[in-house]
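Each remark here refers to the structure printed beneath this line.
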Amino acid sequence: MKRLVSLAAAILLLTLAGPARAQEQEPVSTQPAIQLLEDYFDLMLSGNLASAEGLWTQAALNRSSRFGITFSGIPLKVDASSPIVRNLPVMRDYLFPAVSQVNVLDGGNFVRLDFKKVVGGQAVEYPYYARYDGQYFWLTYPQDYFARDWNVLETKYYRIHYEPGTDEFLHPVLLEQADRYVEKVADSLKMAKTDVAEIADKKVEFFFCKSDSSVAEITGHFTKGTTDLASNDIISSYFPHNHELIHLLVNIKLRTLPLYTQPILREGLAVHFGGRWGKAPTSLVFLGAFLHENQIVEVDSIISMDRFESQAGADMAYPVAGLFSGYLIDRMGLEGFMQLYLALSGTFDQVSGMLAPAVKRTIYEAAGVKSWEALLADFQAYCGRLQKDRSVFAPGSLKKGKKSFVQEGMQVNVEKKWASLQVVGDSAAMPEGNLLFGYDKRLEGVRSMLFEEQYQGAMPYPAYRWGIRFDANEAGLYDYATNQLVGKYIFGITPSSEYHGEDGNDVAVRYLLDLSDGAVPTETDHKLLKN
């Protein structure tokens, strides 16, 4: 049995050691950090989890435990992202020596300790970070190193650590809407009022990075954003990242759950309520219906973990997963869906080992249907009703109602809960442009990530919140304040004569006023831009 050396004893030995001894070992400045990780692994192997947990910084422990979330079968929540902690029974024979490479950071205030072993023919790599407090090293999270000098901004529900260069994107309208969304989705998830109050008190810790590369540097994964399950932190180059927020809120709602869930439900639930990567649920649901109905991505092809990850590209799999989860929630109710969510959760081996037939049976039995084929037929009918009755952004103009705006070959009509835009073209060219509206003084002088993405710095953001961008092939409703596409129609996916009007040269779309918080273009509130 490897002898356990305390951190304090290691530091004392290094202090007393002579020059020759120091040259034979790791540099004096890194050896205590290496010993820290070895002690940590020793404590976990011996089952002394409380002492192992005590080797983390207090700040890391506070963030990890602040919502009372626990993952069944994971010995230490504070280190739940580590492949070592996630699979300790397999990893226990591969833990020593603990460190393959050491990197001194920030003049020695932080150290990166790289663990790397080959287990069962597969490389297992994971970086641990240690922070020096002037006396001892303590385990901590990579974001605590990378964001050590970032400024912090608090809202009602968020504590935002923002990388230099991102502050101009964090304007009052965006922050207000981010808080409103927390309350809205908490209501949709039927979270207790005490849960919402707890979030307001303890905050969602959000690390707002200036690029996907910054996210990759912190997380080790090149992605737009992620929810770190160990710390409960959201790390993203996009704010607000509603999809990742949903993952956190679901965990807060359930409190105790397995670490893994079949992705068709886990990701589907997050898409259904939070969209994905700047696309609101309202803009993805009809894409999901098109992909499924045209057999580009069918539910069968993403029903299990292996199929979800290997048989469909992520960008196409997510809309279908979101649509299917929405269907199940409509059919079963949210609580029934959450019971199914837990039934399809477990350890990695359990979830990855669930074959497609078993997943299908679990779902159709929970939905009260006699067979998978019967469930798919019902889902197909749901998709049809969705296209017919629930379209929130669709081709065509309103023939009745009040004219809100008539100018420059454009007309906006408003009728009850709907608004429409019709743009007259000619035989020489189809109309195209971006009709901005919803001017807000609070948006003056700020930056919009979405606007800059579309116009590539050709012009400053002109302080209008909304825009209907259109051309001969497609139209979309954009929220430039929150950087979201909220409604989309693509002629090539669902061709409709209504889009081009009676003469075939126009562009006409209608949208549910709820999408724009009731805002419509008017003669005094609009600006037309070229695409």
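Each chain in the structure tokens gets a letter, A, B, ..., in the order shown, and its residues are numbered from 1; ligands are numbered from 1 in order too.
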Considering only strand (DSSP E or B) as DSSP defines it on the backbone, what residues of range 343-507 of chain A qualify? List them as a PyMOL selection string.
chain A and resi 345-346+393-395+402-407+410-415+418-423+433-439+464-470+474-479+484-490+507
Do a neighbour search on Val204 in chain A at 8 Å with only C-alpha atoms, toss out local chain neighbours closer than 3 positions, and write the hits as a compact mmCIF listing (two decimals) with C-alpha atoms, in the first residue's frame.
# COMPACT_ATOMS: atom_id res chain seq x y z
CA TYR A 157 -29.81 35.48 -11.20
CA TYR A 158 -26.32 35.56 -12.72
CA ARG A 159 -22.77 36.20 -11.58
CA ILE A 199 -30.88 30.77 -7.65
CA ASN A 232 -22.28 24.00 -11.76
CA ASP A 233 -20.52 26.74 -13.78
CA ILE A 234 -21.55 27.63 -17.33
Can you tell me how far CA of Ile246 in chain A sits from CA of Asn87 in chain A, in Å to one decimal?
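So the two atoms, CA of Ile246 in chain A and CA of Asn87 in chain A, lie 25.9 Å apart.
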List every residue of range 414-497 of chain A that DSSP, applied to the backbone of this structure, places in helix (DSSP H, G or I), and write the result as a PyMOL selection string.
chain A and resi 441-443+449-455+497
Quick one: of A:Ile218, A:Leu113, A:Leu323, A:Ile252, who's nearest to Ile264 in chain A, counting only C-alpha atoms?
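Selected residue with least distance to Ile264 in chain A: A:Leu323.
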For a test of reading the model, state the distance in Å between CA of Ser231 in chain A and CA of Arg63 in chain A, rounded to one decimal.
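Pair CA of Ser231 in chain A / CA of Arg63 in chain A returns 5.5 Å.
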Within 10 Å of range 90-93 of chain A, which residues of range 100-151 of chain A show up? Give each one with its shortest atom-to-atom distance in Å (one decimal) and the two atoms involved, counting only C-alpha atoms, rows by chain then rising residue number, as a Markdown table.
| residue | atom | partner | partner_atom | distance |
| --- | --- | --- | --- | --- |
| A:Lys117 | CA | A:Met91 | CA | 9.4 |
| A:Val119 | CA | A:Met91 | CA | 7.7 |
| A:Gly120 | CA | A:Val90 | CA | 9.5 |
| A:Val124 | CA | A:Met91 | CA | 9.4 |
Generate a file of the selected residues that holds N, CA and C atoms, formatted as a PDB file, in the first residue's frame.
ATOM      1  N   LYS A 117      -2.806   8.265 -18.837  1.00  0.00           N
ATOM      2  CA  LYS A 117      -2.563   6.836 -18.772  1.00  0.00           C
ATOM      3  C   LYS A 117      -3.275   6.151 -19.936  1.00  0.00           C
ATOM      4  N   VAL A 119      -5.555   3.042 -20.630  1.00  0.00           N
ATOM      5  CA  VAL A 119      -6.403   2.098 -19.893  1.00  0.00           C
ATOM      6  C   VAL A 119      -7.240   1.319 -20.902  1.00  0.00           C
ATOM      7  N   GLY A 120      -7.035   0.023 -20.927  1.00  0.00           N
ATOM      8  CA  GLY A 120      -7.787  -0.809 -21.873  1.00  0.00           C
ATOM      9  C   GLY A 120      -7.576  -0.406 -23.314  1.00  0.00           C
ATOM     10  N   VAL A 124      -6.444   7.918 -21.431  1.00  0.00           N
ATOM     11  CA  VAL A 124      -7.251   8.680 -20.481  1.00  0.00           C
ATOM     12  C   VAL A 124      -6.411   9.870 -20.041  1.00  0.00           C
TER      13      VAL A 124
END
